[in-house]
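Here's the structure we're looking at; comments come further down.
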Amino acid sequence: MKNNKPFFKKKNFEHRKDFPVQAQPFLVKDLSLESVGKTALLKGLVDGISQTEGPTLFYLDDGTGTFTLKGFIGPGKRAYPEIEETNAVKAKVQIKEYNGTLEGEIIKLEKLEGQDAEFVKKQIEEVQRQRAKPINTEFLIKSKILEKLKSHFIKAATEIRLAIIQNRPIIVRHHNDADGYSSGFALERGILPLIEEQHSSSKAAWEFFVRSPCAAPFYEIDDSIRDTSTSLRNAAKFSNKMPLVIIADNGSTEQDLFGIQQGRVHGMDFIVVDHHPYEEDVISKEVKAHINPFLIGESGSEFSAGMLCTELARFISPVLNISQIPAMAGLADRINNPEAMEQYLKIAEKEGYSKELSKKIATVIDFVSAKLRFMEAREYIEVLFGEPRGKQKKLVDLMIPYINDLESKGLEIAKSAAKTEKIGDKTLQTLMIEETYPGFGFYPKPGKALGMLHDWIQTEKKLDKVVSAGIMSSAITLRATDGAEFSVHEFMNLIDKKIPSAFVEGGGHKNAGSITFVPNKRKDILELLREYLKK
Amino acid sequence: MKNNKPFFKKKNFEHRKDFPVQAQPFLVKDLSLESVGKTALLKGLVDGISQTEGPTLFYLDDGTGTFTLKGFIGPGKRAYPEIEETNAVKAKVQIKEYNGTLEGEIIKLEKLEGQDAEFVKKQIEEVQRQRAKPINTEFLIKSKILEKLKSHFIKAATEIRLAIIQNRPIIVRHHNDADGYSSGFALERGILPLIEEQHSSSKAAWEFFVRSPCAAPFYEIDDSIRDTSTSLRNAAKFSNKMPLVIIADNGSTEQDLFGIQQGRVHGMDFIVVDHHPYEEDVISKEVKAHINPFLIGESGSEFSAGMLCTELARFISPVLNISQIPAMAGLADRINNPEAMEQYLKIAEKEGYSKELSKKIATVIDFVSAKLRFMEAREYIEVLFGEPRGKQKKLVDLMIPYINDLESKGLEIAKSAAKTEKIGDKTLQTLMIEETYPGFGFYPKPGKALGMLHDWIQTEKKLDKVVSAGIMSSAITLRATDGAEFSVHEFMNLIDKKIPSAFVEGGGHKNAGSITFVPNKRKDILELLREYLKK
Amino acid sequence: MKNNKPFFKKKNFEHRKDFPVQAQPFLVKDLSLESVGKTALLKGLVDGISQTEGPTLFYLDDGTGTFTLKGFIGPGKRAYPEIEETNAVKAKVQIKEYNGTLEGEIIKLEKLEGQDAEFVKKQIEEVQRQRAKPINTEFLIKSKILEKLKSHFIKAATEIRLAIIQNRPIIVRHHNDADGYSSGFALERGILPLIEEQHSSSKAAWEFFVRSPCAAPFYEIDDSIRDTSTSLRNAAKFSNKMPLVIIADNGSTEQDLFGIQQGRVHGMDFIVVDHHPYEEDVISKEVKAHINPFLIGESGSEFSAGMLCTELARFISPVLNISQIPAMAGLADRINNPEAMEQYLKIAEKEGYSKELSKKIATVIDFVSAKLRFMEAREYIEVLFGEPRGKQKKLVDLMIPYINDLESKGLEIAKSAAKTEKIGDKTLQTLMIEETYPGFGFYPKPGKALGMLHDWIQTEKKLDKVVSAGIMSSAITLRATDGAEFSVHEFMNLIDKKIPSAFVEGGGHKNAGSITFVPNKRKDILELLREYLKK
């Protein structure tokens with residue numbers, strides 16, 4: 001971080017007109033060009049020290065800003081060697097100006113101990129927390145659910161703003177689909193401007209922020225260990241702090257617990273914004289903030305994560321150009337909340353995004369996500385979300401016919417390979433994925449292909465009680481109509497009871513999800529699926 | 001690019017003897033040490049601006065070179081804030097010398113608008129285009145095919161040289177075999193010296209050039225999106241321009257179209273040098289230049305891409321040490337053009353590369369390419385191509401016995417698993433790849449193993465009407481003798497007609513290629529193969 | 001390396017009291033602040049040259065240290081252009097002080113030629129070799145085997161210390177299990193402090209050292225080519241020397257030979273520390289040093305690589321905090337050497353590591369290694385090994401219940417799928433891995449799962465003559481009890497004799513190993529396994 005010091009912010013010192021002649025305590029934010037030549041007392045934490053060929057520089061943070069103090073006892077010699085990073089100090093300095101930037105020439109620099117130090121630290125955190133409070137707390141739309149969740153939004157926004165003020169890096173990890181990308185991108189738009197304001201370097205946007213998709217549909221231990229390793233390296237090599245991790249469109253379930261706990265051992269903190277259901281809320285007590293409609297007794301089909309994250313982003317940073325995103329995310333995740341969707345669609349329309357265009361963009365994002373896999377591709381994703389609009393349009397116009405073609409082809413393949421059977425008044429449609437599609441990298445992905453097949457059979461055969469199952473050697477992807485009275489979680493519980501040695505795992509929504517299991521139990525599980533549909 | 005400014009080139013200003021006393025328009029290339037102290041008028045584009053702690057630096061490009069102008073209105077203050085990058089400007093400066101480098105102290109700096117700006121821009125591009133014209137336009141050998149293609153070579157070389165002059169990065173993407181590596185390496189040798197001359201930094205060779213193999217036998221959308229993502233990031237982070245992409249030994253077919261179009265949306269440009277056949281030329285109108293013997297009614301078996309790219313490299317940069325490459329590339333791809341091969345072999349011989357050595361090197365490259373996969377490994381590849389010769393020899397001597405051993409073993413395995421059947425007067429030899437070879441990373445690769453098996457049966461059983469098929473779950477690799485009157489493309493068209501739901505794709509040459517399809521149509525496709533051989 | 005010059009070391013010049021008034025030959029290490037103003041003669045090698053905007057800097061290395069000489073003939077102009085890197089030179093300089101660092105202002109600088117140059121080079125290497133000799137040569141424990149291997153340890157430690165003195169990067173490649181990580185980590189602890197002392201930059205620990213696991217259970221050609229490529233690039237881009245590679249817990253077998261030879265072609269050198277058996281010692285003559293109990297007629301089950309590497313690390317750098325590692329490594333690899341284990345366990349106990357804790361840590365390392373795969377994750381691994389202890393404890397406490405759960409689950413799955421058959425008085429237990437476990441990334445890994453199953457059947461069914469085989473499509477993992485009188489190598493030799501076309505490969509220990517083969521020979525090999533057990 002030595003290269004990215006948040007130097008004194010000029011915009012903070014343009015209003016003062018007078019200045020005390022005598023040294024006296026005051027705040028960094030109150031320093032101005034008129035202070036030059038005066039003597040000032042400052043208290044704060046030493047947030048960094050760097051040794052130049054000339055003086056030693058101490059970066060003093062008092063919660064209202066960071067200010068550079070110069071100590072000199074000889075060229076290249078460390079001044080005040082007793083003062084170390086994170087110490088609380090009291091400084092008497094003369095204010096000087098160097099190339100248009102203010103700095104303090106140290107007259108006296110003392111380490112504070114015991115209660116004095118504690119007091120300063122508390123005061124700073126208090127000031128930081130005050131600054132961290134969101135400025136905007138109004139949602140884009142009117143919604144009772146959002147209002148009920150508002151305190152969660154304020155908590156999350158405050159923690160994110162605080163992390164930025166404290167120079168903590170931020171990692172956003174999101175689900176690898178259109179709703180997940182919408183979530184990640186909205187948060188990115190909310191966070192980056194503040195990071196750029198906080199750090200003076202133009203590279204800060206890359207050094208203090210990363211967004212990337214999860215490989216699995218939860219925050220798995222692999223991702224957690226990888227995030228931790230990278231962060232520990234940045235801590236060792238660049239003196240970075242341990243990051244705040246925001247998990248979006250993932251994170252609320254029991255499967256996310258171990259990854260979160262693992263990160264916390266190493267000083268990482270977490271925020272979760274999700275709309276997936278869980279059996280029991282084991283996450284809230286582990287994270288700084290948790291947003292999920294299920295927390296207030298609502299359902300995850302009423303708000304997608306992209307909708308929630310756009311609202312959160314506006315709490316983080318008030319002026320953003322992302323109001324077209326919720327409509328697109330909601331369409332991508334087939335959100336069933338007419339009141340909210342109507343409002344979001346109207347807003348998107350105003351921004352020039354028709355319903356049709358939003359759907360197309362979601363399709364393109366889904367396709368590109370299959371190609372990018374774990375790559376961040378920040379600037380490419382910007383184009384997909386309309387920065388700039390002209391290139392977004394060109395890309396959508398180029399890709400949609402190509403993708404439609406792949407999807408028709410994918411559906412044709414599925415249709416020619418699928419089998420259906422009547423189970424009572426319900427229809428079970430099965431598709432052997434691995435024998436039907438060339439493996440890895442094929443688009444549409446198994447889940448998408450199954451979804452299209454599931455939609456097709458309803459229209460084509462006029463059925464409303466359908467369960468579709470995409471079968472792999474140790475996994476099944478499931479889609480169900482409301483009429484089928486199916487529940488992914490209920491079915492998983494049933495497997496757990498009847499075939500415990502299958503060690504079933506998985507999740508998703510009630511009508512759409514995936515389960516994994518031990519390969520040699522597949523036959524038993526399919527048998528059980530038929531029984532479950534019979535009842 | 002701020003770190004890599006192509007500062008004023010000294011070699012361009014050593015000849016002038018006199019200099020006008022009065023300010024008057026002239027070109028950057030005409031500046032010399034004798035200009036110091038004089039006043040000059042310059043017109044050009046602002047190619048970059050950087051703010052020092054002292055003056056503001058403007059990099060003026062007038063097409064003949066880049067010259068640094070200093071503006072000063074206060075320490076660290078931005079001079080002429082109305083002037084931005086890419087503006088056309090008129091500058092009145094006093095020529096000064098600083099540490100042996102010339103620079104212009106700005107007396108007056110004005111933005112040009114409308115027609116004036118347009119005129120300057122056109123003029124600059126004209127000058128750049130003039131400089132970009134190839135110096136050498138003579139081929140290494142006498143060949144009517146090459147002569148017929150000459151205008152394509154000149155177009156391609158000009159565009160590549162222009163990209164370098166305009167500080168555009170260059171990406172070379174080549175087929176992942178010995179001919180593809182030969183293509184990529186020859187181009188690299190042609191391009192790097194010019195990039196190093198253009199940019200003063202010694203790191204420019206890595207910052208403005210990258211060469212790497214394609215994963216598939218075409219420029220697939222995955223590679224295209226990845227190249228675009230990286231380039232957009234470099235544009236955002238380092239102000240790089242969007243690159244010129246050269247696709248070598250790939251790129252001419254319908255399968256390459258979408259990847260190329262995708263890149264163009266983002267401002268990338270393309271050049272294709274290939275010798276693979278296509279159904280219809282959909283590429284020429286999408287690229288800056290296209291070289292392929294099929295474009296002038298010739299066949300791809302007469303020149304390999306490595307031969308073409310070596311010739312092109314010599315148009316780009318006249319003095320190169322690559323004249324041994326065409327022989328090796330031609331041998332690797334079994335080029336059937338005795339007139340050309342004889343000449344190339346003679347040239348290679350003169351450089352100390354016997355036919356046998358060339359074949360060995362091709363084998364080593366093929367082996368190493370299987371290990372490197374997507375890695376660039378620029379310096380390792382240099383060794384393989386004889387830089388330095390001593391290490392190349394040592395490596396070939398070490399590896400050839402080892403590789404021969406693996407190949408014998410691979411052939412033995414193939415022989416013990418292959419099946420043959422008579423179909424009329426033809427022989428169909430089949431090899432179940434996945435049941436025969438341990439997967440991924442095994443050498444020889446399936447295509448190579450099949451090729452050896454195909455060669456072996458001809459010698460061993462004295463057959464000249466043979467088709468060999470390496471069968472995988474959703475792909476077949478094919479090799480045919482001339483006598484078998486087989487055509488990969490004809491067979492693909494047949495599948496498309498008879499089994500449209502197989503969604504066949506693929507390509508290659510007439511007698512050697514690969515097809516992919518939907519796994520559950522494999523049986524039908526093999527049936528159709530037998531029928532096709534019957535006719 | 002220009003950024004990481006090993007500048008003059010202050011600690012080396014604090015004791016001299018007097019100094020000659022007249023110019024006379026002496027050593028870099030004898031320079032002190034009291035030398036300032038005097039004229040000195042130095043002989044040595046030019047280890048680097050850098051051109052500043054002012055003078056030219058020559059880094060002179062005389063074997064006792066590196067000293068910066070300044071030559072000035074004009075701002076930014078190259079002084080003494082006839083002197084190049086690696087030249088032997090004679091310099092007459094005036095000693096000056098700049099910002100607290102000594103430097104020599106060149107009065108005269110001459111290139112040495114012929115015998116003079118040779119003499120200086122020899123002398124420097126001699127001095128370096130003297131400095132490279134290990135300071136500590138006492139083992140942590142009393143052991144006749146270690147004593148018999150001592151000369152190997154001294155050779156290895158000397159070569160490693162010499163590489164550091166000569167600014168060579170070091171690459172440690174280790175087996176991807178708990179013993180392998182113990183080996184790599186112990187060496188890392190021994191090497192890093194010396195690298196940090198040698199280079200003044202705080203980034204040197206990352207620039208001159210890398211440790212990472214091998215993908216295969218030997219140093220395969222893929223790793224070798226990758227290490228070479230990276231090193232060649234660092235040589236081209238940063239003027240790095242080619243590295244010394246230490247292979248740990250791998251490296252002694254015939255399968256490692258080609259990778260080592262490949263690296264040597266490019267100027268890499270190798271040291272091997274292993275405890276795996278080999279048919280014939282083909283490695284010793286290829287490497288700078290080789291440590292393996294089999295070299296002195298002992299068995300690999302008496303010392304694990306982690307035990308050997310900890311002892312070696314202490315020869316490299318005398319004061320280290322790693323004495324708890326051998327116990328843990330030995331437990332992980334089930335070392336059967338009560339005398340040594342007792343001593344190591346006692347030492348670990350003293351450091352606060354009970355036998356139980358050591359076992360738990362080994363389990364956690366094994367689990368994490370499955371997640372990290374090829375990542376270095378240096379700082380994460382530090383935590384696993386107890387830096388700091390508090391976080392290690394927290395991580396173990398969090399992970400052990402989770403891992404135990406996965407292992408129970410893995411064992412349950414194995415038990416429900418395994419089959420046993422009596423063959424004479426022996427029991428063969430088989431487990432079809434691919435039909436039993438979901439593929440890639442599953443924990444426990446196949447070898448671990450089979451090991452647990454193998455242990456379980458012994459206890460559960462009170463059997464002591466058991467061979468367990470984990471069967472995959474082209475590989476079998478084997479575990480045997482002593483009572484089964486089984487030998488992985490004997491079985492491999494048998495396959496080679498009876499089914500040569502299976503092209504069997506593999507290795508490991510007598511009672512535990514893995515073999516790979518051609519997939520369509522699996523049935524024959526399993527048949528042969530039964531026959532082999534019959535005899």
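Note on naming: chains are A, B, ... as they come in the structure tokens, residues start from 1 per chain, ligands start from 1 in the order shown.
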**OP:** For chain A, report every residue with an atom at most 6 Å from chain B (counting only C-alpha atoms), formatted as a PyMOL selection string.
**Re:** chain A and resi 99+371+377+379-380+435-438
Could you save those same residues with N, CA and C atoms as a PDB file, in the first residue's frame?
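This went into part-v4.pdb:
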```
ATOM      1  N   ASN A  99       4.730  21.481  -3.990  1.00  0.00           N
ATOM      2  CA  ASN A  99       4.097  21.174  -5.289  1.00  0.00           C
ATOM      3  C   ASN A  99       2.582  21.141  -5.216  1.00  0.00           C
ATOM      4  N   LYS A 371     -17.916 -18.744 -21.530  1.00  0.00           N
ATOM      5  CA  LYS A 371     -16.613 -18.675 -22.186  1.00  0.00           C
ATOM      6  C   LYS A 371     -15.544 -18.108 -21.262  1.00  0.00           C
ATOM      7  N   ALA A 377     -12.287 -10.214 -16.398  1.00  0.00           N
ATOM      8  CA  ALA A 377     -12.687  -9.538 -17.643  1.00  0.00           C
ATOM      9  C   ALA A 377     -13.512  -8.295 -17.380  1.00  0.00           C
ATOM     10  N   GLU A 379     -13.380  -5.095 -18.013  1.00  0.00           N
ATOM     11  CA  GLU A 379     -13.686  -4.133 -19.064  1.00  0.00           C
ATOM     12  C   GLU A 379     -14.609  -4.744 -20.118  1.00  0.00           C
ATOM     13  N   TYR A 380     -14.463  -6.040 -20.337  1.00  0.00           N
ATOM     14  CA  TYR A 380     -15.361  -6.707 -21.275  1.00  0.00           C
ATOM     15  C   TYR A 380     -16.793  -6.698 -20.723  1.00  0.00           C
ATOM     16  N   GLU A 435     -24.346 -38.407 -22.546  1.00  0.00           N
ATOM     17  CA  GLU A 435     -24.416 -39.126 -23.815  1.00  0.00           C
ATOM     18  C   GLU A 435     -24.970 -38.243 -24.925  1.00  0.00           C
ATOM     19  N   THR A 436     -25.515 -37.097 -24.558  1.00  0.00           N
ATOM     20  CA  THR A 436     -26.195 -36.259 -25.532  1.00  0.00           C
ATOM     21  C   THR A 436     -25.327 -35.097 -26.011  1.00  0.00           C
ATOM     22  N   TYR A 437     -24.585 -34.504 -25.091  1.00  0.00           N
ATOM     23  CA  TYR A 437     -23.812 -33.322 -25.465  1.00  0.00           C
ATOM     24  C   TYR A 437     -22.319 -33.590 -25.420  1.00  0.00           C
ATOM     25  N   PRO A 438     -21.571 -33.047 -26.396  1.00  0.00           N
ATOM     26  CA  PRO A 438     -20.124 -33.075 -26.279  1.00  0.00           C
ATOM     27  C   PRO A 438     -19.810 -32.303 -25.008  1.00  0.00           C
TER      28      PRO A 438
END
```
**OP:** Would you mind writing down, as a VMD selection string, each residue of region 6-162 of chain B that DSSP on the backbone assigns to alpha helix (DSSP H)?
**Re:** chain B and resid 114 to 132 144 to 162
Residues as selected, N, CA and C atoms, written as an mmCIF file, in the first residue's frame, can you do that?
```
data_model
loop_
_atom_site.group_PDB
_atom_site.id
_atom_site.type_symbol
_atom_site.label_atom_id
_atom_site.label_comp_id
_atom_site.auth_asym_id
_atom_site.auth_seq_id
_atom_site.Cartn_x
_atom_site.Cartn_y
_atom_site.Cartn_z
ATOM 1 N N GLY B 114 -11.959 21.197 -37.156
ATOM 2 C CA GLY B 114 -12.585 21.035 -38.469
ATOM 3 C C GLY B 114 -11.646 20.569 -39.556
ATOM 4 N N GLN B 115 -11.682 21.267 -40.686
ATOM 5 C CA GLN B 115 -10.905 20.862 -41.849
ATOM 6 C C GLN B 115 -9.403 20.817 -41.545
ATOM 7 N N ASP B 116 -8.921 21.809 -40.787
ATOM 8 C CA ASP B 116 -7.493 21.838 -40.448
ATOM 9 C C ASP B 116 -7.070 20.544 -39.753
ATOM 10 N N ALA B 117 -7.882 20.132 -38.763
ATOM 11 C CA ALA B 117 -7.575 18.919 -38.017
ATOM 12 C C ALA B 117 -7.623 17.702 -38.950
ATOM 13 N N GLU B 118 -8.695 17.629 -39.751
ATOM 14 C CA GLU B 118 -8.845 16.521 -40.684
ATOM 15 C C GLU B 118 -7.643 16.410 -41.608
ATOM 16 N N PHE B 119 -7.224 17.575 -42.109
ATOM 17 C CA PHE B 119 -6.115 17.628 -43.043
ATOM 18 C C PHE B 119 -4.841 17.064 -42.405
ATOM 19 N N VAL B 120 -4.575 17.508 -41.180
ATOM 20 C CA VAL B 120 -3.379 17.009 -40.472
ATOM 21 C C VAL B 120 -3.469 15.506 -40.270
ATOM 22 N N LYS B 121 -4.637 15.044 -39.854
ATOM 23 C CA LYS B 121 -4.785 13.605 -39.603
ATOM 24 C C LYS B 121 -4.543 12.797 -40.868
ATOM 25 N N LYS B 122 -5.150 13.249 -41.962
ATOM 26 C CA LYS B 122 -4.974 12.544 -43.233
ATOM 27 C C LYS B 122 -3.519 12.510 -43.639
ATOM 28 N N GLN B 123 -2.896 13.687 -43.514
ATOM 29 C CA GLN B 123 -1.493 13.822 -43.898
ATOM 30 C C GLN B 123 -0.624 12.842 -43.095
ATOM 31 N N ILE B 124 -0.901 12.783 -41.807
ATOM 32 C CA ILE B 124 -0.111 11.901 -40.943
ATOM 33 C C ILE B 124 -0.300 10.448 -41.363
ATOM 34 N N GLU B 125 -1.551 10.066 -41.596
ATOM 35 C CA GLU B 125 -1.778 8.685 -41.967
ATOM 36 C C GLU B 125 -1.098 8.378 -43.294
ATOM 37 N N GLU B 126 -1.138 9.362 -44.192
ATOM 38 C CA GLU B 126 -0.480 9.186 -45.474
ATOM 39 C C GLU B 126 1.016 8.954 -45.279
ATOM 40 N N VAL B 127 1.618 9.812 -44.460
ATOM 41 C CA VAL B 127 3.058 9.667 -44.185
ATOM 42 C C VAL B 127 3.339 8.308 -43.563
ATOM 43 N N GLN B 128 2.479 7.923 -42.584
ATOM 44 C CA GLN B 128 2.675 6.622 -41.920
ATOM 45 C C GLN B 128 2.543 5.483 -42.933
ATOM 46 N N ARG B 129 1.556 5.586 -43.814
ATOM 47 C CA ARG B 129 1.368 4.534 -44.817
ATOM 48 C C ARG B 129 2.571 4.433 -45.741
ATOM 49 N N GLN B 130 3.124 5.573 -46.075
ATOM 50 C CA GLN B 130 4.325 5.570 -46.908
ATOM 51 C C GLN B 130 5.458 4.837 -46.202
ATOM 52 N N ARG B 131 5.647 5.187 -44.918
ATOM 53 C CA ARG B 131 6.713 4.541 -44.148
ATOM 54 C C ARG B 131 6.429 3.048 -43.977
ATOM 55 N N ALA B 132 5.143 2.704 -43.972
ATOM 56 C CA ALA B 132 4.768 1.322 -43.689
ATOM 57 C C ALA B 132 5.007 0.392 -44.872
ATOM 58 N N LYS B 144 5.407 -19.340 -59.045
ATOM 59 C CA LYS B 144 4.302 -18.618 -59.682
ATOM 60 C C LYS B 144 3.173 -18.357 -58.690
ATOM 61 N N ILE B 145 2.952 -19.323 -57.806
ATOM 62 C CA ILE B 145 1.878 -19.149 -56.815
ATOM 63 C C ILE B 145 2.178 -17.938 -55.935
ATOM 64 N N LEU B 146 3.395 -17.866 -55.438
ATOM 65 C CA LEU B 146 3.762 -16.718 -54.595
ATOM 66 C C LEU B 146 3.605 -15.410 -55.362
ATOM 67 N N GLU B 147 4.061 -15.408 -56.630
ATOM 68 C CA GLU B 147 3.954 -14.175 -57.421
ATOM 69 C C GLU B 147 2.489 -13.748 -57.557
ATOM 70 N N LYS B 148 1.610 -14.748 -57.782
ATOM 71 C CA LYS B 148 0.196 -14.410 -57.916
ATOM 72 C C LYS B 148 -0.373 -13.847 -56.610
ATOM 73 N N LEU B 149 0.236 -14.260 -55.493
ATOM 74 C CA LEU B 149 -0.240 -13.802 -54.179
ATOM 75 C C LEU B 149 0.455 -12.523 -53.714
ATOM 76 N N LYS B 150 1.407 -12.005 -54.532
ATOM 77 C CA LYS B 150 2.279 -10.932 -54.027
ATOM 78 C C LYS B 150 1.507 -9.711 -53.502
ATOM 79 N N SER B 151 0.459 -9.310 -54.215
ATOM 80 C CA SER B 151 -0.245 -8.107 -53.742
ATOM 81 C C SER B 151 -0.832 -8.353 -52.339
ATOM 82 N N HIS B 152 -1.248 -9.597 -52.039
ATOM 83 C CA HIS B 152 -1.741 -9.929 -50.707
ATOM 84 C C HIS B 152 -0.619 -9.792 -49.673
ATOM 85 N N PHE B 153 0.566 -10.253 -50.038
ATOM 86 C CA PHE B 153 1.714 -10.141 -49.135
ATOM 87 C C PHE B 153 2.034 -8.683 -48.830
ATOM 88 N N ILE B 154 2.025 -7.854 -49.909
ATOM 89 C CA ILE B 154 2.361 -6.439 -49.715
ATOM 90 C C ILE B 154 1.325 -5.767 -48.830
ATOM 91 N N LYS B 155 0.051 -6.105 -49.046
ATOM 92 C CA LYS B 155 -1.018 -5.530 -48.217
ATOM 93 C C LYS B 155 -0.838 -5.928 -46.744
ATOM 94 N N ALA B 156 -0.566 -7.199 -46.525
ATOM 95 C CA ALA B 156 -0.421 -7.691 -45.156
ATOM 96 C C ALA B 156 0.785 -7.058 -44.470
ATOM 97 N N ALA B 157 1.916 -7.026 -45.176
ATOM 98 C CA ALA B 157 3.127 -6.456 -44.588
ATOM 99 C C ALA B 157 2.939 -4.982 -44.272
ATOM 100 N N THR B 158 2.266 -4.263 -45.170
ATOM 101 C CA THR B 158 2.031 -2.837 -44.945
ATOM 102 C C THR B 158 1.176 -2.618 -43.696
ATOM 103 N N GLU B 159 0.115 -3.397 -43.564
ATOM 104 C CA GLU B 159 -0.768 -3.240 -42.403
ATOM 105 C C GLU B 159 -0.045 -3.551 -41.100
ATOM 106 N N ILE B 160 0.819 -4.551 -41.132
ATOM 107 C CA ILE B 160 1.555 -4.920 -39.916
ATOM 108 C C ILE B 160 2.550 -3.821 -39.557
ATOM 109 N N ARG B 161 3.277 -3.332 -40.563
ATOM 110 C CA ARG B 161 4.238 -2.255 -40.304
ATOM 111 C C ARG B 161 3.523 -0.984 -39.830
ATOM 112 N N LEU B 162 2.345 -0.726 -40.406
ATOM 113 C CA LEU B 162 1.567 0.445 -39.996
ATOM 114 C C LEU B 162 1.134 0.327 -38.532
#
```
Subject >> Met399 (chain C) surroundings by only C-alpha atoms, 8 Å radius, close-in-sequence under 4 positions cut, as a PyMOL selection string >> reply: chain C and resi 364+395+403
Subject >> Contacts of Ile247 (chain A) within 12 Å, only C-alpha atoms, excl. fewer than 6 positions in-chain, as number ranges by chain >> reply: A: 156, 170-176, 180-181, 183-184, 187, 211-214, 217-220, 223-224, 253, 256-257, 259-260, 269-275, 283, 287-292, 305, 309
**OP:** For Lys241 (chain A), work out the shell of residues within 8 Å, counting only C-alpha atoms and skipping chain neighbours fewer than 6 positions away, then give it as an NGL selection string.
**Re:** :A and (167-169 or 235)
Written file, previous selection with all heavy atoms, as a PDB file, in the first residue's frame:
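What ended up in again_22.pdb:
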```pdb
ATOM      1  N   ASN A 167      -9.128   1.517   3.806  1.00  0.00           N
ATOM      2  CA  ASN A 167      -8.181   0.999   2.811  1.00  0.00           C
ATOM      3  C   ASN A 167      -8.151  -0.525   2.729  1.00  0.00           C
ATOM      4  O   ASN A 167      -7.127  -1.112   2.383  1.00  0.00           O
ATOM      5  CB  ASN A 167      -6.761   1.502   3.095  1.00  0.00           C
ATOM      6  CG  ASN A 167      -6.665   3.000   3.034  1.00  0.00           C
ATOM      7  OD1 ASN A 167      -7.356   3.635   2.245  1.00  0.00           O
ATOM      8  ND2 ASN A 167      -5.818   3.572   3.858  1.00  0.00           N
ATOM      9  N   ARG A 168      -9.273  -1.156   3.061  1.00  0.00           N
ATOM     10  CA  ARG A 168      -9.336  -2.612   2.889  1.00  0.00           C
ATOM     11  C   ARG A 168      -9.674  -2.931   1.438  1.00  0.00           C
ATOM     12  O   ARG A 168     -10.558  -2.301   0.855  1.00  0.00           O
ATOM     13  CB  ARG A 168     -10.435  -3.222   3.764  1.00  0.00           C
ATOM     14  CG  ARG A 168     -10.116  -3.238   5.222  1.00  0.00           C
ATOM     15  CD  ARG A 168     -11.243  -3.914   5.984  1.00  0.00           C
ATOM     16  NE  ARG A 168     -11.079  -5.374   5.969  1.00  0.00           N
ATOM     17  CZ  ARG A 168     -11.814  -6.186   6.723  1.00  0.00           C
ATOM     18  NH1 ARG A 168     -12.768  -5.693   7.498  1.00  0.00           N
ATOM     19  NH2 ARG A 168     -11.601  -7.487   6.689  1.00  0.00           N
ATOM     20  N   PRO A 169      -9.000  -3.932   0.864  1.00  0.00           N
ATOM     21  CA  PRO A 169      -9.423  -4.378  -0.469  1.00  0.00           C
ATOM     22  C   PRO A 169     -10.812  -5.010  -0.376  1.00  0.00           C
ATOM     23  O   PRO A 169     -11.222  -5.472   0.686  1.00  0.00           O
ATOM     24  CB  PRO A 169      -8.385  -5.442  -0.842  1.00  0.00           C
ATOM     25  CG  PRO A 169      -7.264  -5.271   0.115  1.00  0.00           C
ATOM     26  CD  PRO A 169      -7.853  -4.687   1.358  1.00  0.00           C
ATOM     27  N   ALA A 235      -0.975  -9.151   1.379  1.00  0.00           N
ATOM     28  CA  ALA A 235      -0.643  -8.597   2.693  1.00  0.00           C
ATOM     29  C   ALA A 235       0.867  -8.641   2.912  1.00  0.00           C
ATOM     30  O   ALA A 235       1.475  -7.670   3.364  1.00  0.00           O
ATOM     31  CB  ALA A 235      -1.363  -9.375   3.792  1.00  0.00           C
TER      32      ALA A 235
END
```
